[in-house]
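Colleague: run.pdb is reproduced in full below (PDB, C-alpha atoms and all ligand atoms).
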ATOM      1  CA  MET A 293     -47.094-109.286  82.990  1.00  0.00           C
ATOM      2  CA  GLN A 294     -44.226-111.334  81.649  1.00  0.00           C
ATOM      3  CA  LYS A 295     -41.609-109.369  79.752  1.00  0.00           C
ATOM      4  CA  GLU A 296     -41.393-110.097  76.063  1.00  0.00           C
ATOM      5  CA  GLN A 297     -38.077-109.794  74.335  1.00  0.00           C
ATOM      6  CA  SER A 298     -37.922-107.213  71.592  1.00  0.00           C
ATOM      7  CA  MET A 299     -34.273-107.568  70.719  1.00  0.00           C
ATOM      8  CA  ARG A 300     -31.186-109.363  71.971  1.00  0.00           C
ATOM      9  CA  VAL A 301     -27.546-109.127  70.943  1.00  0.00           C
ATOM     10  CA  GLU A 302     -24.681-111.278  72.076  1.00  0.00           C
ATOM     11  CA  ASN A 303     -21.029-110.418  71.738  1.00  0.00           C
ATOM     12  CA  LEU A 304     -21.686-107.929  68.952  1.00  0.00           C
ATOM     13  CA  VAL A 305     -18.444-106.602  67.462  1.00  0.00           C
ATOM     14  CA  LYS A 306     -18.058-103.770  64.960  1.00  0.00           C
ATOM     15  CA  ASN A 307     -14.894-102.641  63.214  1.00  0.00           C
ATOM     16  CA  PHE A 308     -14.588-100.378  60.215  1.00  0.00           C
ATOM     17  CA  GLY A 309     -11.709-100.861  57.775  1.00  0.00           C
ATOM     18  CA  LYS A 310      -8.800-103.261  57.944  1.00  0.00           C
ATOM     19  CA  GLY A 311      -5.129-103.433  58.895  1.00  0.00           C
ATOM     20  CA  ASP A 312      -3.559-100.068  59.710  1.00  0.00           C
ATOM     21  CA  SER A 313      -6.797 -98.184  59.094  1.00  0.00           C
ATOM     22  CA  LEU A 314      -8.917-100.443  61.339  1.00  0.00           C
ATOM     23  CA  VAL A 315     -11.345 -98.518  63.567  1.00  0.00           C
ATOM     24  CA  SER A 316     -12.812-100.583  66.394  1.00  0.00           C
ATOM     25  CA  VAL A 317     -16.212 -99.233  67.494  1.00  0.00           C
ATOM     26  CA  LEU A 318     -17.705-102.053  69.613  1.00  0.00           C
ATOM     27  CA  GLU A 319     -15.668-104.808  71.191  1.00  0.00           C
ATOM     28  CA  GLY A 320     -18.500-107.133  72.125  1.00  0.00           C
ATOM     29  CA  ALA A 321     -21.911-105.950  73.255  1.00  0.00           C
ATOM     30  CA  SER A 322     -24.461-108.210  74.948  1.00  0.00           C
ATOM     31  CA  PHE A 323     -27.885-107.019  76.090  1.00  0.00           C
ATOM     32  CA  THR A 324     -31.608-107.690  75.922  1.00  0.00           C
ATOM     33  CA  ILE A 325     -34.282-105.070  75.312  1.00  0.00           C
ATOM     34  CA  ASN A 326     -37.894-105.814  76.234  1.00  0.00           C
ATOM     35  CA  LYS A 327     -41.108-104.663  74.626  1.00  0.00           C
ATOM     36  CA  GLY A 328     -42.590-101.607  76.318  1.00  0.00           C
ATOM     37  CA  GLU A 329     -39.202-100.153  77.280  1.00  0.00           C
ATOM     38  CA  LEU A 330     -37.899 -96.706  76.388  1.00  0.00           C
ATOM     39  CA  ILE A 331     -34.100 -96.844  76.448  1.00  0.00           C
ATOM     40  CA  ALA A 332     -31.861 -93.793  76.250  1.00  0.00           C
ATOM     41  CA  LEU A 333     -28.553 -94.322  74.431  1.00  0.00           C
ATOM     42  CA  VAL A 334     -25.888 -91.864  75.526  1.00  0.00           C
ATOM     43  CA  ALA A 335     -22.185 -91.555  74.684  1.00  0.00           C
ATOM     44  CA  PRO A 336     -19.805 -88.870  73.462  1.00  0.00           C
ATOM     45  CA  SER A 337     -19.728 -87.942  69.799  1.00  0.00           C
ATOM     46  CA  GLY A 338     -17.915 -90.574  67.736  1.00  0.00           C
ATOM     47  CA  ALA A 339     -18.427 -93.327  70.341  1.00  0.00           C
ATOM     48  CA  GLY A 340     -20.605 -95.403  68.015  1.00  0.00           C
ATOM     49  CA  LYS A 341     -24.232 -94.550  68.814  1.00  0.00           C
ATOM     50  CA  THR A 342     -25.347 -94.230  65.203  1.00  0.00           C
ATOM     51  CA  THR A 343     -23.314 -97.281  64.211  1.00  0.00           C
ATOM     52  CA  LEU A 344     -25.007 -99.344  66.952  1.00  0.00           C
ATOM     53  CA  LEU A 345     -28.500 -98.174  65.937  1.00  0.00           C
ATOM     54  CA  MET A 346     -27.780 -98.946  62.280  1.00  0.00           C
ATOM     55  CA  MET A 347     -26.636-102.463  63.179  1.00  0.00           C
ATOM     56  CA  LEU A 348     -29.702-103.042  65.369  1.00  0.00           C
ATOM     57  CA  GLY A 349     -31.789-101.749  62.463  1.00  0.00           C
ATOM     58  CA  CYS A 350     -30.152-104.196  60.026  1.00  0.00           C
ATOM     59  CA  VAL A 351     -28.864-101.272  57.942  1.00  0.00           C
ATOM     60  CA  ILE A 352     -25.162-101.961  58.397  1.00  0.00           C
ATOM     61  CA  GLU A 353     -23.635-105.360  58.974  1.00  0.00           C
ATOM     62  CA  PRO A 354     -21.871-106.143  62.257  1.00  0.00           C
ATOM     63  CA  THR A 355     -18.370-107.621  62.120  1.00  0.00           C
ATOM     64  CA  SER A 356     -19.362-110.606  64.284  1.00  0.00           C
ATOM     65  CA  GLY A 357     -21.710-111.729  67.036  1.00  0.00           C
ATOM     66  CA  SER A 358     -25.381-112.679  67.201  1.00  0.00           C
ATOM     67  CA  MET A 359     -28.589-110.697  66.986  1.00  0.00           C
ATOM     68  CA  TRP A 360     -32.253-111.570  67.598  1.00  0.00           C
ATOM     69  CA  LEU A 361     -35.317-109.526  66.648  1.00  0.00           C
ATOM     70  CA  GLY A 362     -38.222-110.693  68.776  1.00  0.00           C
ATOM     71  CA  GLU A 363     -37.508-114.401  69.205  1.00  0.00           C
ATOM     72  CA  LYS A 364     -36.063-114.755  65.707  1.00  0.00           C
ATOM     73  CA  LYS A 365     -32.326-114.943  65.211  1.00  0.00           C
ATOM     74  CA  VAL A 366     -31.434-112.663  62.307  1.00  0.00           C
ATOM     75  CA  TYR A 367     -27.639-112.548  62.477  1.00  0.00           C
ATOM     76  CA  GLU A 368     -24.874-114.922  63.449  1.00  0.00           C
ATOM     77  CA  ASN A 369     -21.582-113.757  61.985  1.00  0.00           C
ATOM     78  CA  ARG A 370     -23.640-113.132  58.840  1.00  0.00           C
ATOM     79  CA  TRP A 371     -27.248-112.239  57.997  1.00  0.00           C
ATOM     80  CA  LEU A 372     -29.399-115.350  58.313  1.00  0.00           C
ATOM     81  CA  THR A 373     -31.842-114.219  55.619  1.00  0.00           C
ATOM     82  CA  LYS A 374     -30.923-113.376  52.047  1.00  0.00           C
ATOM     83  CA  ASP A 375     -32.445-109.927  52.178  1.00  0.00           C
ATOM     84  CA  SER A 376     -31.684-107.954  55.356  1.00  0.00           C
ATOM     85  CA  ARG A 377     -33.620-105.008  53.893  1.00  0.00           C
ATOM     86  CA  LYS A 378     -36.776-107.078  54.211  1.00  0.00           C
ATOM     87  CA  ILE A 379     -36.189-107.606  57.949  1.00  0.00           C
ATOM     88  CA  ARG A 380     -35.667-103.891  58.275  1.00  0.00           C
ATOM     89  CA  ARG A 381     -38.928-103.028  56.515  1.00  0.00           C
ATOM     90  CA  GLN A 382     -40.914-105.570  58.515  1.00  0.00           C
ATOM     91  CA  LYS A 383     -39.509-105.304  62.030  1.00  0.00           C
ATOM     92  CA  ILE A 384     -37.874-101.904  62.508  1.00  0.00           C
ATOM     93  CA  GLY A 385     -39.214 -98.372  62.780  1.00  0.00           C
ATOM     94  CA  PHE A 386     -36.869 -95.411  62.370  1.00  0.00           C
ATOM     95  CA  ILE A 387     -37.203 -91.849  63.629  1.00  0.00           C
ATOM     96  CA  PHE A 388     -34.521 -89.356  62.656  1.00  0.00           C
ATOM     97  CA  GLN A 389     -33.579 -85.891  63.823  1.00  0.00           C
ATOM     98  CA  ALA A 390     -35.035 -84.429  60.649  1.00  0.00           C
ATOM     99  CA  HIS A 391     -38.328 -86.119  59.825  1.00  0.00           C
ATOM    100  CA  TYR A 392     -37.463 -87.134  56.223  1.00  0.00           C
ATOM    101  CA  LEU A 393     -41.067 -87.282  55.077  1.00  0.00           C
ATOM    102  CA  ILE A 394     -41.392 -87.527  51.312  1.00  0.00           C
ATOM    103  CA  PRO A 395     -42.483 -84.067  50.141  1.00  0.00           C
ATOM    104  CA  PHE A 396     -44.548 -85.095  47.103  1.00  0.00           C
ATOM    105  CA  LEU A 397     -46.584 -87.698  49.015  1.00  0.00           C
ATOM    106  CA  ASN A 398     -49.386 -86.699  51.348  1.00  0.00           C
ATOM    107  CA  VAL A 399     -49.349 -87.590  55.040  1.00  0.00           C
ATOM    108  CA  LEU A 400     -51.359 -90.795  54.599  1.00  0.00           C
ATOM    109  CA  GLU A 401     -49.154 -91.936  51.694  1.00  0.00           C
ATOM    110  CA  ASN A 402     -46.014 -91.278  53.744  1.00  0.00           C
ATOM    111  CA  VAL A 403     -47.338 -93.448  56.568  1.00  0.00           C
ATOM    112  CA  THR A 404     -48.506 -96.308  54.315  1.00  0.00           C
ATOM    113  CA  LEU A 405     -45.411 -96.408  52.092  1.00  0.00           C
ATOM    114  CA  VAL A 406     -43.527 -99.131  53.975  1.00  0.00           C
ATOM    115  CA  PRO A 407     -46.579-101.336  54.725  1.00  0.00           C
ATOM    116  CA  LEU A 408     -47.567-101.182  51.029  1.00  0.00           C
ATOM    117  CA  THR A 409     -43.987-102.120  50.076  1.00  0.00           C
ATOM    118  CA  ASN A 410     -44.423-105.055  52.470  1.00  0.00           C
ATOM    119  CA  GLN A 411     -47.483-106.111  50.450  1.00  0.00           C
ATOM    120  CA  VAL A 412     -50.016-105.198  53.119  1.00  0.00           C
ATOM    121  CA  PRO A 413     -53.352-104.741  51.251  1.00  0.00           C
ATOM    122  CA  THR A 414     -54.116-101.057  50.589  1.00  0.00           C
ATOM    123  CA  LYS A 415     -57.369-101.039  52.553  1.00  0.00           C
ATOM    124  CA  GLU A 416     -55.704-102.514  55.628  1.00  0.00           C
ATOM    125  CA  ALA A 417     -52.654-100.232  55.353  1.00  0.00           C
ATOM    126  CA  ASN A 418     -54.876 -97.143  55.041  1.00  0.00           C
ATOM    127  CA  ALA A 419     -57.074 -98.167  57.977  1.00  0.00           C
ATOM    128  CA  HIS A 420     -54.075 -98.756  60.246  1.00  0.00           C
ATOM    129  CA  ALA A 421     -52.434 -95.499  59.138  1.00  0.00           C
ATOM    130  CA  MET A 422     -55.633 -93.537  59.857  1.00  0.00           C
ATOM    131  CA  GLU A 423     -55.802 -95.120  63.317  1.00  0.00           C
ATOM    132  CA  LEU A 424     -52.231 -93.990  63.995  1.00  0.00           C
ATOM    133  CA  LEU A 425     -52.926 -90.495  62.645  1.00  0.00           C
ATOM    134  CA  GLN A 426     -55.943 -90.307  64.961  1.00  0.00           C
ATOM    135  CA  TYR A 427     -53.793 -91.494  67.862  1.00  0.00           C
ATOM    136  CA  PHE A 428     -51.408 -88.601  67.146  1.00  0.00           C
ATOM    137  CA  ASP A 429     -54.258 -86.151  66.616  1.00  0.00           C
ATOM    138  CA  ILE A 430     -53.378 -85.325  62.990  1.00  0.00           C
ATOM    139  CA  ALA A 431     -55.972 -87.371  61.084  1.00  0.00           C
ATOM    140  CA  GLU A 432     -57.462 -84.190  59.602  1.00  0.00           C
ATOM    141  CA  LYS A 433     -54.124 -83.631  57.835  1.00  0.00           C
ATOM    142  CA  ALA A 434     -54.113 -87.049  56.137  1.00  0.00           C
ATOM    143  CA  TYR A 435     -54.507 -85.616  52.623  1.00  0.00           C
ATOM    144  CA  ASN A 436     -52.137 -82.662  53.095  1.00  0.00           C
ATOM    145  CA  LYS A 437     -48.497 -82.555  52.022  1.00  0.00           C
ATOM    146  CA  PRO A 438     -45.783 -82.298  54.704  1.00  0.00           C
ATOM    147  CA  SER A 439     -45.086 -78.698  53.602  1.00  0.00           C
ATOM    148  CA  GLN A 440     -48.608 -77.758  54.766  1.00  0.00           C
ATOM    149  CA  LEU A 441     -47.959 -79.008  58.324  1.00  0.00           C
ATOM    150  CA  SER A 442     -46.029 -77.463  61.213  1.00  0.00           C
ATOM    151  CA  GLY A 443     -42.702 -78.932  62.356  1.00  0.00           C
ATOM    152  CA  GLY A 444     -44.332 -80.565  65.366  1.00  0.00           C
ATOM    153  CA  GLN A 445     -47.107 -82.069  63.250  1.00  0.00           C
ATOM    154  CA  ASN A 446     -44.587 -83.476  60.769  1.00  0.00           C
ATOM    155  CA  GLN A 447     -42.676 -85.036  63.603  1.00  0.00           C
ATOM    156  CA  ARG A 448     -45.845 -86.764  64.808  1.00  0.00           C
ATOM    157  CA  VAL A 449     -46.380 -88.029  61.252  1.00  0.00           C
ATOM    158  CA  ALA A 450     -42.794 -89.347  61.270  1.00  0.00           C
ATOM    159  CA  ILE A 451     -43.472 -91.170  64.546  1.00  0.00           C
ATOM    160  CA  ALA A 452     -46.737 -92.575  63.126  1.00  0.00           C
ATOM    161  CA  ARG A 453     -44.780 -93.746  60.078  1.00  0.00           C
ATOM    162  CA  ALA A 454     -42.246 -95.506  62.338  1.00  0.00           C
ATOM    163  CA  LEU A 455     -45.143 -97.431  63.942  1.00  0.00           C
ATOM    164  CA  ALA A 456     -46.944 -98.265  60.692  1.00  0.00           C
ATOM    165  CA  ASN A 457     -45.254-101.621  60.111  1.00  0.00           C
ATOM    166  CA  ASN A 458     -45.900-102.804  63.708  1.00  0.00           C
ATOM    167  CA  PRO A 459     -42.167-102.923  64.416  1.00  0.00           C
ATOM    168  CA  GLU A 460     -40.454-105.026  67.076  1.00  0.00           C
ATOM    169  CA  ILE A 461     -38.346-102.008  67.893  1.00  0.00           C
ATOM    170  CA  ILE A 462     -38.172 -98.293  67.093  1.00  0.00           C
ATOM    171  CA  LEU A 463     -34.750 -96.699  66.685  1.00  0.00           C
ATOM    172  CA  ALA A 464     -34.599 -92.941  67.154  1.00  0.00           C
ATOM    173  CA  ASP A 465     -31.342 -91.104  66.438  1.00  0.00           C
ATOM    174  CA  GLU A 466     -31.426 -87.803  68.333  1.00  0.00           C
ATOM    175  CA  PRO A 467     -35.134 -87.152  67.681  1.00  0.00           C
ATOM    176  CA  THR A 468     -35.094 -84.100  69.946  1.00  0.00           C
ATOM    177  CA  ALA A 469     -31.775 -82.529  68.872  1.00  0.00           C
ATOM    178  CA  ALA A 470     -33.471 -79.760  66.905  1.00  0.00           C
ATOM    179  CA  LEU A 471     -36.074 -78.943  69.570  1.00  0.00           C
ATOM    180  CA  ASP A 472     -36.165 -76.679  72.602  1.00  0.00           C
ATOM    181  CA  THR A 473     -36.355 -78.270  76.069  1.00  0.00           C
ATOM    182  CA  GLU A 474     -40.113 -78.045  76.447  1.00  0.00           C
ATOM    183  CA  ARG A 475     -40.792 -79.662  73.070  1.00  0.00           C
ATOM    184  CA  SER A 476     -38.064 -82.251  73.673  1.00  0.00           C
ATOM    185  CA  ILE A 477     -39.697 -83.305  76.930  1.00  0.00           C
ATOM    186  CA  SER A 478     -43.079 -83.574  75.250  1.00  0.00           C
ATOM    187  CA  VAL A 479     -41.612 -85.772  72.456  1.00  0.00           C
ATOM    188  CA  VAL A 480     -39.834 -88.026  74.980  1.00  0.00           C
ATOM    189  CA  LYS A 481     -43.006 -88.332  77.069  1.00  0.00           C
ATOM    190  CA  MET A 482     -44.855 -89.232  73.866  1.00  0.00           C
ATOM    191  CA  LEU A 483     -42.247 -91.909  73.072  1.00  0.00           C
ATOM    192  CA  LYS A 484     -42.668 -93.351  76.590  1.00  0.00           C
ATOM    193  CA  LYS A 485     -46.432 -93.448  76.135  1.00  0.00           C
ATOM    194  CA  ILE A 486     -46.048 -95.170  72.757  1.00  0.00           C
ATOM    195  CA  ALA A 487     -43.637 -97.739  74.185  1.00  0.00           C
ATOM    196  CA  THR A 488     -46.120 -98.614  76.936  1.00  0.00           C
ATOM    197  CA  GLU A 489     -49.383 -98.418  74.992  1.00  0.00           C
ATOM    198  CA  GLN A 490     -48.155-100.047  71.761  1.00  0.00           C
ATOM    199  CA  ASN A 491     -45.918-102.488  73.664  1.00  0.00           C
ATOM    200  CA  VAL A 492     -42.920-101.700  71.484  1.00  0.00           C
ATOM    201  CA  ALA A 493     -39.294-101.119  72.482  1.00  0.00           C
ATOM    202  CA  ILE A 494     -37.741 -97.749  71.679  1.00  0.00           C
ATOM    203  CA  ILE A 495     -34.042 -96.887  71.744  1.00  0.00           C
ATOM    204  CA  MET A 496     -33.446 -93.159  71.611  1.00  0.00           C
ATOM    205  CA  VAL A 497     -30.071 -91.454  71.219  1.00  0.00           C
ATOM    206  CA  THR A 498     -29.927 -88.266  73.260  1.00  0.00           C
ATOM    207  CA  HIS A 499     -27.320 -85.752  74.405  1.00  0.00           C
ATOM    208  CA  ASP A 500     -29.664 -84.118  76.864  1.00  0.00           C
ATOM    209  CA  ASP A 501     -29.500 -85.369  80.466  1.00  0.00           C
ATOM    210  CA  ARG A 502     -32.868 -83.791  81.185  1.00  0.00           C
ATOM    211  CA  MET A 503     -34.509 -86.468  79.021  1.00  0.00           C
ATOM    212  CA  LEU A 504     -33.130 -89.391  81.030  1.00  0.00           C
ATOM    213  CA  GLU A 505     -35.694 -89.291  83.828  1.00  0.00           C
ATOM    214  CA  TYR A 506     -38.458 -90.128  81.327  1.00  0.00           C
ATOM    215  CA  CYS A 507     -36.641 -93.261  80.129  1.00  0.00           C
ATOM    216  CA  ASP A 508     -36.759 -96.718  81.705  1.00  0.00           C
ATOM    217  CA  ARG A 509     -33.044 -97.442  81.324  1.00  0.00           C
ATOM    218  CA  VAL A 510     -29.952 -95.600  80.182  1.00  0.00           C
ATOM    219  CA  MET A 511     -27.541 -97.435  77.923  1.00  0.00           C
ATOM    220  CA  LYS A 512     -24.024 -96.092  77.568  1.00  0.00           C
ATOM    221  CA  ILE A 513     -21.159 -96.870  75.228  1.00  0.00           C
ATOM    222  CA  GLU A 514     -18.023 -96.759  77.369  1.00  0.00           C
ATOM    223  CA  ASP A 515     -14.612 -97.885  76.130  1.00  0.00           C
ATOM    224  CA  LYS A 516     -16.259 -99.771  73.247  1.00  0.00           C
ATOM    225  CA  LYS A 517     -18.505-101.654  75.695  1.00  0.00           C
ATOM    226  CA  ILE A 518     -22.181-101.299  76.517  1.00  0.00           C
ATOM    227  CA  VAL A 519     -23.104-100.533  80.112  1.00  0.00           C
ATOM    228  CA  PHE A 520     -26.501 -99.810  81.647  1.00  0.00           C
ATOM    229  CA  ILE A 521     -26.663 -97.146  84.350  1.00  0.00           C
TER     230      ILE A 521
HETATM  231  N1  LIG A 601     -18.645 -95.968  57.248  1.00  0.00           N
HETATM  232  C1  LIG A 601     -17.639 -95.749  58.111  1.00  0.00           C
HETATM  233  N2  LIG A 601     -16.349 -96.002  57.777  1.00  0.00           N
HETATM  234  C2  LIG A 601     -15.354 -95.829  58.665  1.00  0.00           C
HETATM  235  N3  LIG A 601     -15.523 -95.368  59.907  1.00  0.00           N
HETATM  236  C3  LIG A 601     -16.766 -95.096  60.308  1.00  0.00           C
HETATM  237  C4  LIG A 601     -17.897 -95.257  59.439  1.00  0.00           C
HETATM  238  N4  LIG A 601     -19.020 -94.898  60.113  1.00  0.00           N
HETATM  239  C5  LIG A 601     -18.614 -94.532  61.349  1.00  0.00           C
HETATM  240  N5  LIG A 601     -17.269 -94.627  61.465  1.00  0.00           N
HETATM  241  C6  LIG A 601     -16.470 -94.340  62.683  1.00  0.00           C
HETATM  242  O1  LIG A 601     -17.038 -95.068  63.761  1.00  0.00           O
HETATM  243  C7  LIG A 601     -17.012 -94.288  64.954  1.00  0.00           C
HETATM  244  C8  LIG A 601     -18.423 -94.149  65.513  1.00  0.00           C
HETATM  245  O2  LIG A 601     -19.189 -93.289  64.683  1.00  0.00           O
HETATM  246  P1  LIG A 601     -20.743 -92.989  64.957  1.00  0.00           P
HETATM  247  O3  LIG A 601     -21.459 -94.282  65.130  1.00  0.00           O
HETATM  248  O4  LIG A 601     -21.216 -92.085  63.904  1.00  0.00           O
HETATM  249  O5  LIG A 601     -20.659 -92.231  66.376  1.00  0.00           O
HETATM  250  P2  LIG A 601     -21.774 -91.360  67.126  1.00  0.00           P
HETATM  251  O6  LIG A 601     -23.080 -91.572  66.466  1.00  0.00           O
HETATM  252  O7  LIG A 601     -21.732 -91.861  68.547  1.00  0.00           O
HETATM  253  O8  LIG A 601     -21.306 -89.942  67.068  1.00  0.00           O
HETATM  254  C9  LIG A 601     -16.337 -92.967  64.583  1.00  0.00           C
HETATM  255  O9  LIG A 601     -14.986 -93.067  64.915  1.00  0.00           O
HETATM  256  C10 LIG A 601     -16.557 -92.890  63.093  1.00  0.00           C
HETATM  257  O10 LIG A 601     -15.527 -92.134  62.499  1.00  0.00           O
HETATM  258 MG    MG A 602     -24.466 -90.225  65.577  1.00  0.00          MG
END
Rewrite the structure of this file - the entire thing - as structure tokens.
Modeller:
Amino acid sequence: MQKEQSMRVENLVKNFGKGDSLVSVLEGASFTINKGELIALVAPSGAGKTTLLMMLGCVIEPTSGSMWLGEKKVYENRWLTKDSRKIRRQKIGFIFQAHYLIPFLNVLENVTLVPLTNQVPTKEANAHAMELLQYFDIAEKAYNKPSQLSGGQNQRVAIARALANNPEIILADEPTAALDTERSISVVKMLKKIATEQNVAIIMVTHDDRMLEYCDRVMKIEDKKIVFI
């Protein structure tokens, strides 16, 4: 099967601040991520992992460079669309360390929130969300609030939510940081399965070397550069 590009960046630079207070985080990153890949992102604390994910997710603006989501160029020294939030809602899925489900919405409403914001018809959004909830074996909880679910169940809901807008790429910032080794391995295996079966790219920040064997490639930030090992 031919590899389909999920995301590409070229010469991506990120600085915070100006003049004397300038902090250089990335000096020029170039790489391509393909659909179906699970990529581990590793680097010491403060090296720029979260900053990189937030740029790839169109949440914070790079300083310069180019960025493609799928085949579409979204950034070249500036955002190429007026509303970068719209790109984010349509093409990116996020998974965080804490699940950040909305407590006063039920499971189904949490999963359909972004698709409905994207003007997907309710019937279609609900049907797709129920399919995902079935895939993660939590469909029977669709009308429960997050507080009525276990931690593991809520995390599966959060992963279902990240998939609900059929993203080009899923960005996961330390999704296993709060879990013990056994649970961490099961989450990472689940992410690998999702990447393959849903043909989506996933970049996952991790500090745990034991997770690396389940990933297709390991991406490192070293001296403000990206290297694959
Ligand atoms: N909004 C910001 N303003 C200024 N500096 C920032 C900001 N966000 C991050 N940084 C700096 O950028 C560097 C990378 O931070 P971060 O991406 O959070 O690293 P990591 O996730 O790898 O721990 C750090 O030196 C941090 O202090
Ligand atoms: Mg971080």
Colleague: For Ala419 (chain A), please output as a PyMOL selection string all residues within 10 Å (counting only C-alpha atoms; exclusion window: fewer than 6 positions along the same chain).
Modeller: chain A and resi 400+404+425
Colleague: Just say which residues the PyMOL selection byres (((chain A and resi 399) around 10) and not hetatm) picks in this file, as an MDAnalysis selection string.
Modeller: chainID A and resid 393:398 400:404 421:422 425 430:441 446 449:450 452:453
Colleague: Can I get the selected residues back with C-alpha atoms, as a compact mmCIF listing (two decimals), in the frame of the given file?
Modeller:
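Saved the output as selection.txt:
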# COMPACT_ATOMS: atom_id res chain seq x y z
CA LEU A 393 -41.07 -87.28 55.08
CA ILE A 394 -41.39 -87.53 51.31
CA PRO A 395 -42.48 -84.07 50.14
CA PHE A 396 -44.55 -85.10 47.10
CA LEU A 397 -46.58 -87.70 49.02
CA ASN A 398 -49.39 -86.70 51.35
CA LEU A 400 -51.36 -90.80 54.60
CA GLU A 401 -49.15 -91.94 51.69
CA ASN A 402 -46.01 -91.28 53.74
CA VAL A 403 -47.34 -93.45 56.57
CA THR A 404 -48.51 -96.31 54.32
CA ALA A 421 -52.43 -95.50 59.14
CA MET A 422 -55.63 -93.54 59.86
CA LEU A 425 -52.93 -90.50 62.64
CA ILE A 430 -53.38 -85.32 62.99
CA ALA A 431 -55.97 -87.37 61.08
CA GLU A 432 -57.46 -84.19 59.60
CA LYS A 433 -54.12 -83.63 57.84
CA ALA A 434 -54.11 -87.05 56.14
CA TYR A 435 -54.51 -85.62 52.62
CA ASN A 436 -52.14 -82.66 53.10
CA LYS A 437 -48.50 -82.56 52.02
CA PRO A 438 -45.78 -82.30 54.70
CA SER A 439 -45.09 -78.70 53.60
CA GLN A 440 -48.61 -77.76 54.77
CA LEU A 441 -47.96 -79.01 58.32
CA ASN A 446 -44.59 -83.48 60.77
CA VAL A 449 -46.38 -88.03 61.25
CA ALA A 450 -42.79 -89.35 61.27
CA ALA A 452 -46.74 -92.58 63.13
CA ARG A 453 -44.78 -93.75 60.08
Colleague: Residue by residue, what does the PyMOL selection byres (((chain A and resi 457-469) around 7) and not hetatm) grab here? Present the result as a list in words.
Modeller: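 Listing what the PyMOL selection byres (((chain A and resi 457-469) around 7) and not hetatm) selects in the shown file: Ser298, Thr342, Leu345, Leu361, Gly362, Gln382, Lys383, Ile384, Gly385, Phe386, Ile387, Phe388, Gln389, Val406, Pro407, Ala454, Leu455, Ala456, Ala470, Leu471, Ser476, Val492, Ala493, Ile494, Ile495, Met496, Val497 and Thr498 of chain A.
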Colleague: Box for ligand LIG 601 (chain A) - axis-aligned, 8 Å on each of the six sides, all listed atoms - centre and size in Å to one decimal, as AutoDock Vina command-line options.
Modeller:
--center_x -19.0 --center_y -93.0 --center_z 62.9 --size_x 24.1 --size_y 22.1 --size_z 27.3
Colleague: Could you check which of A:Cys350, A:Leu504, A:Leu372, A:Met299 is closest to Ile331 (chain A), using only C-alpha atoms?
Modeller: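 Once distances to Ile331 (chain A) are computed over only C-alpha atoms, the minimum belongs to A:Leu504.
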Colleague: Given the file above and the PyMOL selection byres (((chain A and resi 319) around 12) and not hetatm), which residues are selected, and can you give them as a PyMOL selection string?
Modeller: chain A and resi 302-308+315-318+320-322+339-340+344+354-357+513-518
